[in-house]
Structure formats: structure tokens, C-alpha cells
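Next comes target.txt, a file with compact mmCIF, C-alpha atoms.
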# COMPACT_ATOMS: atom_id res chain seq x y z
CA MET A 199 63.48 -62.05 131.05
CA THR A 200 63.54 -59.44 128.29
CA GLU A 201 62.92 -55.77 129.11
CA THR A 202 59.44 -56.04 127.58
CA GLN A 203 58.63 -59.13 129.66
CA THR A 204 59.87 -57.39 132.81
CA ALA A 205 57.55 -54.45 132.15
CA ALA A 206 54.69 -56.86 131.49
CA ALA A 207 55.24 -58.58 134.82
CA GLU A 208 54.93 -55.25 136.64
CA ARG A 209 51.82 -54.07 134.73
CA PRO A 210 48.18 -54.78 135.71
CA ALA A 211 46.28 -57.13 133.39
CA THR A 212 44.67 -54.17 131.60
CA THR A 213 44.79 -50.42 132.04
CA THR A 214 42.52 -47.95 130.24
CA MET A 215 44.21 -44.76 129.09
CA PRO A 216 44.35 -42.29 126.18
CA LEU A 217 46.72 -43.10 123.35
CA ALA A 218 48.93 -40.16 124.36
CA LYS A 219 49.23 -41.51 127.90
CA ALA A 220 50.03 -44.97 126.52
CA LEU A 221 52.99 -43.46 124.64
CA ASN A 222 54.12 -41.61 127.76
CA SER A 223 53.92 -44.84 129.74
CA ALA A 224 55.95 -46.69 127.11
CA LEU A 225 58.71 -44.07 127.18
CA ARG A 226 58.82 -44.14 130.98
CA GLU A 227 59.05 -47.95 131.10
CA ALA A 228 61.74 -48.03 128.41
CA MET A 229 63.84 -45.43 130.25
CA ARG A 230 63.51 -47.31 133.53
CA ALA A 231 64.49 -50.56 131.86
CA ASP A 232 67.56 -49.23 130.01
CA GLU A 233 69.65 -46.24 131.07
CA LYS A 234 70.91 -45.92 127.49
CA VAL A 235 67.45 -44.79 126.33
CA LEU A 236 67.24 -41.01 126.10
CA LEU A 237 64.80 -38.54 124.58
CA MET A 238 65.51 -35.54 122.35
CA GLY A 239 63.27 -32.88 120.87
CA GLU A 240 61.91 -29.36 120.96
CA ASP A 241 59.99 -28.42 124.13
CA ILE A 242 59.91 -32.00 125.43
CA GLY A 243 61.40 -31.14 128.85
CA PRO A 244 59.45 -29.06 131.39
CA LEU A 245 56.63 -28.48 128.88
CA GLY A 246 56.31 -32.20 128.12
CA GLY A 247 55.97 -31.63 124.38
CA VAL A 248 53.18 -29.83 122.57
CA PHE A 249 50.98 -32.92 122.94
CA ARG A 250 52.36 -33.72 126.44
CA ILE A 251 53.70 -37.10 125.35
CA THR A 252 56.85 -36.57 127.43
CA ASP A 253 55.03 -35.01 130.38
CA GLY A 254 56.87 -35.60 133.66
CA LEU A 255 59.79 -37.49 132.15
CA GLN A 256 62.44 -34.81 132.57
CA ALA A 257 61.42 -34.39 136.21
CA GLU A 258 61.95 -38.13 136.73
CA PHE A 259 65.04 -38.78 134.61
CA GLY A 260 66.74 -35.38 134.47
CA PRO A 261 67.86 -33.07 131.65
CA ASP A 262 70.72 -35.38 130.60
CA ARG A 263 68.23 -38.03 129.48
CA VAL A 264 65.33 -35.81 128.38
CA LEU A 265 67.02 -33.16 126.26
CA ASP A 266 65.32 -29.96 125.15
CA THR A 267 66.97 -29.19 121.81
CA PRO A 268 67.30 -26.13 119.61
CA LEU A 269 64.83 -25.73 116.75
CA ALA A 270 67.00 -27.66 114.27
CA GLU A 271 65.67 -31.02 113.09
CA SER A 272 68.79 -31.83 111.08
CA GLY A 273 70.93 -31.23 114.16
CA ILE A 274 68.61 -33.28 116.39
CA ILE A 275 68.66 -36.31 114.10
CA GLY A 276 72.37 -35.99 113.37
CA THR A 277 73.10 -35.92 117.10
CA ALA A 278 70.88 -38.97 117.61
CA ILE A 279 72.86 -40.84 114.96
CA GLY A 280 76.12 -40.04 116.75
CA LEU A 281 74.68 -41.14 120.10
CA ALA A 282 73.48 -44.42 118.57
CA MET A 283 77.00 -45.08 117.30
CA ARG A 284 78.20 -44.71 120.90
CA GLY A 285 75.75 -47.26 122.25
CA TYR A 286 72.75 -45.11 123.21
CA ARG A 287 69.13 -45.61 122.15
CA PRO A 288 67.85 -42.12 121.29
CA VAL A 289 64.14 -41.47 120.83
CA VAL A 290 63.64 -38.29 118.80
CA GLU A 291 60.42 -36.30 118.79
CA ILE A 292 59.56 -34.32 115.67
CA GLN A 293 57.06 -31.75 116.89
CA PHE A 294 54.79 -31.95 113.82
CA ASP A 295 54.84 -34.07 110.65
CA GLY A 296 55.66 -31.15 108.33
CA PHE A 297 58.70 -30.23 110.44
CA VAL A 298 60.59 -33.45 109.58
CA TYR A 299 61.81 -32.25 106.18
CA PRO A 300 64.80 -30.20 107.42
CA GLY A 301 66.06 -33.48 108.92
CA PHE A 302 65.13 -35.60 105.91
CA ASP A 303 68.67 -35.74 104.51
CA GLN A 304 70.05 -37.06 107.81
CA ILE A 305 67.35 -39.76 107.85
CA VAL A 306 67.61 -41.05 104.28
CA SER A 307 71.31 -40.40 103.59
CA GLN A 308 72.79 -41.40 106.95
CA LEU A 309 70.42 -43.07 109.43
CA ALA A 310 68.92 -45.48 106.88
CA LYS A 311 72.25 -46.45 105.34
CA LEU A 312 74.88 -46.60 108.08
CA THR A 313 74.28 -50.22 109.07
CA ALA A 314 74.57 -51.40 105.45
CA ARG A 315 77.54 -49.11 104.88
CA HIS A 316 79.36 -50.84 107.76
CA ARG A 317 78.21 -54.32 106.66
CA GLY A 318 76.18 -54.79 109.83
CA ALA A 319 78.95 -53.86 112.25
CA VAL A 320 77.16 -50.66 113.33
CA SER A 321 73.57 -50.72 114.55
CA MET A 322 71.28 -47.68 114.51
CA PRO A 323 68.74 -48.06 117.38
CA VAL A 324 67.10 -44.67 116.74
CA VAL A 325 63.34 -44.10 116.99
CA ILE A 326 61.93 -40.99 115.32
CA ARG A 327 58.46 -40.19 116.66
CA ILE A 328 56.36 -38.17 114.22
CA PRO A 329 52.82 -36.97 115.08
CA TYR A 330 51.12 -37.12 111.69
CA GLY A 331 47.80 -36.71 109.89
CA GLY A 332 44.84 -34.36 109.94
CA HIS A 333 41.59 -33.77 111.82
CA ILE A 334 43.03 -31.30 114.34
CA GLY A 335 42.21 -28.04 112.53
CA ALA A 336 45.83 -26.87 112.37
CA VAL A 337 47.74 -24.64 109.97
CA GLU A 338 50.13 -25.47 107.14
CA HIS A 339 52.88 -28.06 107.91
CA HIS A 340 50.91 -29.43 110.88
CA GLN A 341 48.61 -32.04 109.26
CA GLU A 342 50.67 -33.93 106.71
CA SER A 343 51.08 -37.67 106.06
CA PRO A 344 54.68 -38.21 104.89
CA GLU A 345 54.81 -42.00 105.34
CA ALA A 346 55.54 -42.86 101.69
CA TYR A 347 58.89 -41.04 101.75
CA PHE A 348 60.11 -43.24 104.58
CA ALA A 349 58.48 -46.51 103.52
CA HIS A 350 60.24 -46.08 100.17
CA THR A 351 63.64 -45.75 101.88
CA ALA A 352 65.51 -49.03 102.34
CA GLY A 353 67.00 -49.41 105.82
CA LEU A 354 64.11 -47.85 107.74
CA ARG A 355 61.33 -49.59 109.63
CA VAL A 356 58.07 -47.60 109.44
CA VAL A 357 55.17 -48.29 111.80
CA SER A 358 51.94 -46.60 112.87
CA PRO A 359 49.63 -47.67 115.73
CA SER A 360 45.88 -47.07 115.73
CA THR A 361 45.04 -47.99 119.35
CA ALA A 362 46.35 -47.17 122.80
CA ASN A 363 47.53 -50.75 123.26
CA ASP A 364 49.49 -50.74 120.01
CA ALA A 365 50.86 -47.27 120.75
CA HIS A 366 52.32 -48.51 124.02
CA TRP A 367 53.71 -51.85 122.95
CA MET A 368 54.81 -50.89 119.46
CA LEU A 369 56.82 -48.01 120.90
CA ARG A 370 58.44 -50.35 123.42
CA GLN A 371 59.28 -52.78 120.61
CA ALA A 372 60.58 -49.98 118.40
CA ILE A 373 62.91 -48.74 121.13
CA GLU A 374 64.28 -52.27 121.61
CA SER A 375 64.95 -52.64 117.87
CA ASP A 376 68.54 -52.29 116.69
CA ASP A 377 67.31 -50.78 113.42
CA PRO A 378 66.04 -47.22 112.89
CA VAL A 379 62.27 -46.92 113.25
CA ILE A 380 60.03 -44.14 111.96
CA PHE A 381 57.15 -44.16 114.47
CA LEU A 382 54.11 -42.37 113.05
CA GLU A 383 51.60 -41.33 115.71
CA PRO A 384 48.03 -40.47 114.60
CA LYS A 385 47.75 -37.18 116.45
CA SER A 386 43.99 -36.94 115.98
CA LYS A 387 43.67 -40.05 118.17
CA TYR A 388 45.95 -38.90 121.00
CA TRP A 389 42.92 -38.39 123.26
CA SER A 390 41.07 -41.59 122.31
CA LYS A 391 41.05 -44.06 125.20
CA GLY A 392 41.63 -47.79 125.03
CA GLU A 393 42.85 -50.74 127.03
CA VAL A 394 46.58 -51.36 127.33
CA LEU A 395 47.32 -55.03 127.97
CA ALA A 396 49.94 -56.48 130.27
CA GLU A 397 52.07 -57.68 127.37
CA PRO A 398 52.29 -57.20 123.59
CA ALA A 399 49.81 -59.31 121.64
CA VAL A 400 51.71 -59.49 118.34
CA ASP A 401 55.02 -58.65 116.71
CA LEU A 402 55.84 -55.05 115.76
CA HIS A 403 55.33 -55.67 112.05
CA ARG A 404 52.18 -57.80 112.08
CA THR A 405 49.05 -56.89 110.11
CA VAL A 406 45.98 -57.64 112.26
CA VAL A 407 42.27 -58.12 111.64
CA ALA A 408 40.51 -55.23 113.40
CA LYS A 409 37.10 -56.60 112.37
CA PRO A 410 36.30 -59.85 110.53
CA GLY A 411 34.02 -59.93 107.49
CA THR A 412 33.27 -61.86 104.32
CA ASP A 413 32.23 -59.53 101.46
CA VAL A 414 34.82 -56.75 101.17
CA THR A 415 38.28 -56.13 102.69
CA LEU A 416 39.20 -52.64 103.89
CA VAL A 417 42.89 -51.92 104.56
CA GLY A 418 44.35 -48.90 106.38
CA HIS A 419 46.63 -47.68 109.13
CA GLY A 420 46.69 -45.18 111.97
CA ALA A 421 43.66 -42.93 112.33
CA MET A 422 42.21 -44.28 109.08
CA VAL A 423 41.47 -47.60 110.79
CA HIS A 424 38.81 -45.84 112.88
CA VAL A 425 37.22 -44.43 109.71
CA LEU A 426 37.20 -47.91 108.17
CA LEU A 427 35.55 -49.39 111.26
CA GLN A 428 32.89 -46.69 111.10
CA ALA A 429 32.29 -47.46 107.42
CA ALA A 430 32.15 -51.19 108.18
CA GLN A 431 29.52 -50.62 110.86
CA ILE A 432 27.33 -48.67 108.43
CA ALA A 433 27.81 -51.28 105.72
CA GLU A 434 26.79 -54.06 108.12
CA ARG A 435 23.48 -52.30 108.72
CA GLU A 436 22.95 -52.36 104.96
CA GLY A 437 23.69 -56.07 104.72
CA THR A 438 27.36 -56.04 103.63
CA SER A 439 29.91 -57.91 105.75
CA VAL A 440 33.18 -55.93 105.78
CA GLU A 441 36.58 -57.06 107.03
CA VAL A 442 38.94 -54.35 108.33
CA LEU A 443 42.69 -54.88 108.37
CA ASP A 444 45.03 -52.68 110.42
CA LEU A 445 48.41 -52.56 108.68
CA ARG A 446 50.33 -51.32 111.77
CA SER A 447 53.59 -51.63 109.81
CA LEU A 448 54.22 -49.83 106.52
CA SER A 449 57.75 -51.15 106.05
CA PRO A 450 58.04 -54.05 106.13
CA ILE A 451 54.41 -54.90 105.34
CA ASP A 452 53.02 -58.19 106.62
CA TRP A 453 51.40 -59.35 103.38
CA ALA A 454 49.98 -62.75 104.35
CA PRO A 455 46.84 -61.53 106.18
CA ILE A 456 46.11 -59.03 103.39
CA VAL A 457 46.44 -61.55 100.58
CA GLU A 458 44.48 -64.20 102.51
CA SER A 459 41.65 -61.74 103.14
CA ALA A 460 41.63 -60.62 99.50
CA GLN A 461 41.40 -64.23 98.36
CA ARG A 462 38.40 -64.82 100.66
CA THR A 463 36.41 -61.65 99.96
CA GLY A 464 37.48 -61.01 96.35
CA ARG A 465 37.19 -57.25 96.85
CA VAL A 466 39.70 -54.86 98.44
CA VAL A 467 39.57 -51.14 99.24
CA VAL A 468 42.71 -49.40 100.54
CA ALA A 469 42.33 -46.09 102.37
CA GLN A 470 44.78 -43.47 103.68
CA GLU A 471 44.97 -39.77 104.55
CA ALA A 472 48.04 -39.26 102.35
CA PRO A 473 47.77 -38.34 98.67
CA GLY A 474 47.18 -41.38 96.48
CA HIS A 475 49.91 -40.90 93.84
CA VAL A 476 52.95 -43.17 94.47
CA SER A 477 51.76 -44.03 97.97
CA VAL A 478 51.59 -46.89 100.47
CA GLY A 479 48.06 -47.50 99.18
CA SER A 480 49.41 -47.80 95.64
CA GLU A 481 51.88 -50.45 96.75
CA ILE A 482 49.20 -52.45 98.53
CA ALA A 483 46.90 -52.28 95.50
CA ALA A 484 49.68 -53.46 93.17
CA THR A 485 50.81 -56.30 95.44
CA VAL A 486 47.27 -57.58 96.04
CA ALA A 487 46.66 -57.51 92.28
CA GLU A 488 49.84 -59.57 91.78
CA ARG A 489 49.31 -62.13 94.53
CA ALA A 490 45.53 -62.54 94.56
CA PHE A 491 44.67 -61.82 90.92
CA TYR A 492 42.61 -64.95 90.26
CA SER A 493 40.56 -64.44 93.43
CA LEU A 494 39.58 -60.83 92.78
CA GLU A 495 36.02 -60.01 91.69
CA SER A 496 36.81 -56.30 91.15
CA PRO A 497 39.85 -54.03 90.83
CA VAL A 498 41.58 -53.03 94.06
CA LEU A 499 40.22 -49.54 94.77
CA ARG A 500 41.99 -46.71 96.57
CA VAL A 501 40.56 -43.93 98.75
CA SER A 502 43.00 -41.20 99.73
CA GLY A 503 43.71 -37.56 100.29
CA PHE A 504 43.84 -35.57 97.08
CA ASP A 505 47.05 -35.04 95.11
CA ALA A 506 47.38 -31.47 96.34
CA PRO A 507 49.00 -29.71 99.31
CA PHE A 508 47.03 -30.08 102.52
CA PRO A 509 44.40 -27.32 102.51
CA PRO A 510 43.50 -24.75 105.17
CA ALA A 511 41.76 -26.18 108.23
CA GLN A 512 38.31 -25.12 107.02
CA LEU A 513 38.65 -27.54 104.10
CA GLU A 514 40.28 -30.50 105.82
CA ASP A 515 37.01 -32.48 105.99
CA VAL A 516 36.73 -32.17 102.21
CA TYR A 517 40.32 -33.32 101.69
CA LEU A 518 40.46 -36.21 104.15
CA PRO A 519 38.67 -39.49 103.38
CA ASP A 520 35.60 -40.15 105.51
CA ALA A 521 33.21 -43.08 105.90
CA ASP A 522 31.07 -41.87 102.96
CA ARG A 523 34.01 -41.93 100.54
CA VAL A 524 35.01 -45.38 101.78
CA LEU A 525 31.45 -46.66 101.41
CA ASP A 526 31.28 -45.28 97.87
CA ALA A 527 34.35 -47.38 97.05
CA VAL A 528 32.74 -50.41 98.70
CA ASP A 529 29.63 -49.93 96.54
CA ARG A 530 31.76 -49.63 93.40
CA ALA A 531 33.66 -52.80 94.29
CA LEU A 532 30.41 -54.71 94.86
CA ALA A 533 28.97 -53.44 91.56
CA TYR A 534 31.53 -55.34 89.41
As C-alpha cells, how would this structure be written, given the file I've shared?
Amino acid sequence: MTETQTAAAERPATTTMPLAKALNSALREAMRADEKVLLMGEDIGPLGGVFRITDGLQAEFGPDRVLDTPLAESGIIGTAIGLAMRGYRPVVEIQFDGFVYPGFDQIVSQLAKLTARHRGAVSMPVVIRIPYGGHIGAVEHHQESPEAYFAHTAGLRVVSPSTANDAHWMLRQAIESDDPVIFLEPKSKYWSKGEVLAEPAVDLHRTVVAKPGTDVTLVGHGAMVHVLLQAAQIAEREGTSVEVLDLRSLSPIDWAPIVESAQRTGRVVVAQEAPGHVSVGSEIAATVAERAFYSLESPVLRVSGFDAPFPPAQLEDVYLPDADRVLDAVDRALAY
């Protein structure tokens, strides 16, 4: 039995919990299954992290496995790299998305490249958890969407769950991976409840159909999936059948379900909170245009945050895409 299968055997068929609790449960199960799994980050010990994702874990596993670190992201990630080289599986928490940049050099120059540098002889089983995205009314550096930086970097796996079930099982799968994983957590959905199943339904990097449809395909990840589902529900009432795809993985991307859906519907809208210029959405639009060109009835349209720094909290609803902006793109796609 694998560690994941062992956890599944001990878990009830389904459990309803908030996404934050699902992450906490995943960390607890991973630490019980493998003593080499340890956690590192600022205020993750007695406090349990600013979002309480690590609540109770230091009390159970002790300060040698749940390490409160200094405020030094470069040092945290560099230490995690060294621990991984010694056989540990560190899970690093970056307190907020905009705080990752002091550790960016360690991620792209070292973590992403060490396995290739050693021709596969050294594995880097490091997970970097990053709460990301807006809709929490926070200040500067607390509501950013930096996924494109990491998805662009060869050697990193980049994933983002949208549901409690995916949060739990994708984190378990990420921790078991021998490659470094950037794990982007949609912080605005930490308190949204959902069922967590007894075992993972799909592979870590699988694109899934969140809602089937026939007229237009909507593609997104993380918190944006919920916006797309809201837009799809409104569109259905107006007579338009909308399919919603949840990317789940931004690197690698599982292209087959996206291309197949584009070929069926002929119209694709890609949405994200991040700015649109040189983004994950841009890559999806380009690849769909390449692989499904003769099936498309309209250009692939993008809906995104604006190409500007994230604004003060009072303006976040203007900056972030909502169902209305998505539906406007759907109408434009149908008009061709």
C-alpha cells in the first residue's frame, strides 16, 4: 500500500470541511505517514499560521518537525533545499503571495535546477505553499497572483486546487512527489466547505470538467473556477450551455481535455486573477489556437486582472474579473 492508499483506508467515505481544514488534514496525514516530512514557515508553530493551516501540528509533532522560522524567505527556502538533499521532505509556507519574492532566486536558480544539474541523481521533494489571489480586502503584497513566474520556470511543478477535496489530495500528492512543487492556495476560498473523499479521484496534474456544456468552454484555476461556475449558471438561464474546465495544474498543463472541449464547443474563454500580459491564460489561448484552429468559431478570448499593480482593497472588485466580465466575453465569442 502507498502512503496515500493507507490514508484512504483510514478515512471515512466522505468528510465535509473547509478548504483550510482540508489542507491541515493533508499535512497531518502526510506527517503521520512519513517522519521525513517537516514543515517550515513564519508563525506556523503555536499560532498555526495566519490562516491557521498548520493549527495544532506543532503540538502533535513537536518543534523539530514544525519549525517557526525567522522572517527570511530566502533562508527558509535555502534551508528546505539543504534538507531535501539530506532525504527530508520539507513543506514550506510562504505567509502571503507577495512575500515569495525575497526567496525567488533560491526557487528559480537552485530548487528548480538541482535535479537537472545532477543529471537526476539528486531529487528535490520540496513543496512551497503559497496563499495567493484577491478578494480578502488586504493591503499591498497580500493579494497577488504570481503563478506565471513559476509556470515559466522549467523544473517546477505548479498546481492550484479549487475545492476542499482537491486541496487535500493534491497536497498529499505534492508532498509525495520527488520534484519541487509550487502549491498555490486560493486564500479567498479557505473558508468554503466541500466534501473530501476517501481517496484521490484523479492524478495531480489532470484537467477536469467542473461542469459540462456544449456552446462555450470556460477555462480557469483556483478561485476563478467558482467565478466561472457562477457565470455558467447565469448563462444557462439565458439559454447558453457553458462547459467549465478546472486546470488544477499550471505546469505541466493537461491539454487533452482543453483541446477536446474547444473542438466540441468551438469557443473558448480563459479567465484568471493575474494580469493578462505573458500569463498562463496567454499560453492556453495560444495552444488552443494551435491545436484546435479548424474547430474554432471565434478567437480564444481572455479575461484577467489588469496589467497594473494590484490596487488598494477598495478597488479590488474593479480589478478582479467577475461573472459579468466573463459573461461579456462569452457574448463576444458567441457573436462571431
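Nearest to A:Glu258 of all the residues A:Leu225, A:Ile274, A:Met322, A:Ala314 is A:Leu225, counting only C-alpha atoms.
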With the cut-off set at 12 Å and counting all atoms listed in the file, tabulate each residue of stretch 345-364 of chain A with an atom at most that distance from an atom of stretch 292-312 of chain A, showing the nearest atom pair and its distance in Å to one decimal, ordered by chain and increasing number, as CSV.
residue,atom,partner,partner_atom,distance
A:Glu345,CA,A:Asp295,CA,9.5
A:Tyr347,CA,A:Val306,CA,9.1
A:Phe348,CA,A:Val306,CA,7.8
A:Ala349,CA,A:Val306,CA,10.7
A:His350,CA,A:Val306,CA,9.8
A:Thr351,CA,A:Val306,CA,6.6
A:Ala352,CA,A:Ala310,CA,6.7
A:Gly353,CA,A:Ala310,CA,4.5
A:Leu354,CA,A:Ala310,CA,5.4
A:Arg355,CA,A:Ala310,CA,9.1
A:Val356,CA,A:Ala310,CA,11.3
Which value, in Å to one decimal, gives the distance between atom CA of A:His403 and atom CA of A:Arg287? 19.8 Å
Pull the closest atom pair for each residue of stretch 252-366 of chain A that gets at most 12 Å from stretch 496-506 of chain A, along with the distance in Å to one decimal, counting all atoms listed in the file, ordering rows by chain and then ascending residue number, as a Markdown table.
| residue | atom | partner | partner_atom | distance |
| --- | --- | --- | --- | --- |
| A:Gly331 | CA | A:Gly503 | CA | 10.5 |
| A:Gly332 | CA | A:Gly503 | CA | 10.2 |
| A:Gln341 | CA | A:Gly503 | CA | 11.6 |
| A:Glu342 | CA | A:Gly503 | CA | 10.1 |
| A:Ser343 | CA | A:Gly503 | CA | 9.4 |
| A:Pro344 | CA | A:Gly503 | CA | 11.9 |
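The spacing separating atom CA of A:Leu217 from atom CA of A:Gly420 amounts to 11.6 Å.
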Excluding A:Ala362 and any residue of its chain fewer than 4 positions from it, enumerate the residues within 10 Å of it, using all atoms listed in the file, and give them as a PDB file with C-alpha atoms, in the frame of the given file.
ATOM      1  CA  THR A 213      44.790 -50.420 132.040  1.00  0.00           C
ATOM      2  CA  THR A 214      42.520 -47.950 130.240  1.00  0.00           C
ATOM      3  CA  MET A 215      44.210 -44.760 129.090  1.00  0.00           C
ATOM      4  CA  PRO A 216      44.350 -42.290 126.180  1.00  0.00           C
ATOM      5  CA  LEU A 217      46.720 -43.100 123.350  1.00  0.00           C
ATOM      6  CA  ALA A 218      48.930 -40.160 124.360  1.00  0.00           C
ATOM      7  CA  LYS A 219      49.230 -41.510 127.900  1.00  0.00           C
ATOM      8  CA  ALA A 220      50.030 -44.970 126.520  1.00  0.00           C
ATOM      9  CA  LEU A 221      52.990 -43.460 124.640  1.00  0.00           C
ATOM     10  CA  HIS A 366      52.320 -48.510 124.020  1.00  0.00           C
ATOM     11  CA  TRP A 367      53.710 -51.850 122.950  1.00  0.00           C
ATOM     12  CA  MET A 368      54.810 -50.890 119.460  1.00  0.00           C
ATOM     13  CA  LYS A 387      43.670 -40.050 118.170  1.00  0.00           C
ATOM     14  CA  TYR A 388      45.950 -38.900 121.000  1.00  0.00           C
ATOM     15  CA  TRP A 389      42.920 -38.390 123.260  1.00  0.00           C
ATOM     16  CA  SER A 390      41.070 -41.590 122.310  1.00  0.00           C
ATOM     17  CA  LYS A 391      41.050 -44.060 125.200  1.00  0.00           C
ATOM     18  CA  GLY A 392      41.630 -47.790 125.030  1.00  0.00           C
ATOM     19  CA  GLU A 393      42.850 -50.740 127.030  1.00  0.00           C
ATOM     20  CA  VAL A 394      46.580 -51.360 127.330  1.00  0.00           C
ATOM     21  CA  LEU A 395      47.320 -55.030 127.970  1.00  0.00           C
TER      22      LEU A 395
END
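Counting all atoms listed in the file, the residue from A:Ala372, A:Asn222, A:Met229, A:Val468 that sits nearest to A:Val417 is A:Val468.
Comparing the minimum interatomic distances between A:Ala531 and each of A:Gln428, A:Gln461, A:Thr415, A:Thr212, counting only C-alpha atoms, we find that A:Thr415 sits nearest.
If you look at atom CA of A:Glu397 and atom CA of A:Arg226, they are 15.6 Å away from each other.
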I need the residue nearest A:Thr438 from this list: A:Val290, A:Ile279, A:Leu525, A:Ala270. Use only C-alpha atoms for the distance. A:Leu525
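Comparing A:His419, A:His424, A:Arg404, A:Arg523 by their smallest distance to A:Val478, the closest is A:His419 (using all atoms listed in the file).
Distances from A:Leu265, A:Leu402, A:Gly464, A:Ala533 to A:Thr252 were compared using all atoms listed in the file, and the smallest one belongs to A:Leu265.
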For A:Asp515, please output as an NGL selection string all residues within 10 Å (counting all atoms listed in the file; exclusion window: fewer than 3 positions along the same chain). :A and (332-333 or 335 or 509 or 511-512 or 518-520)
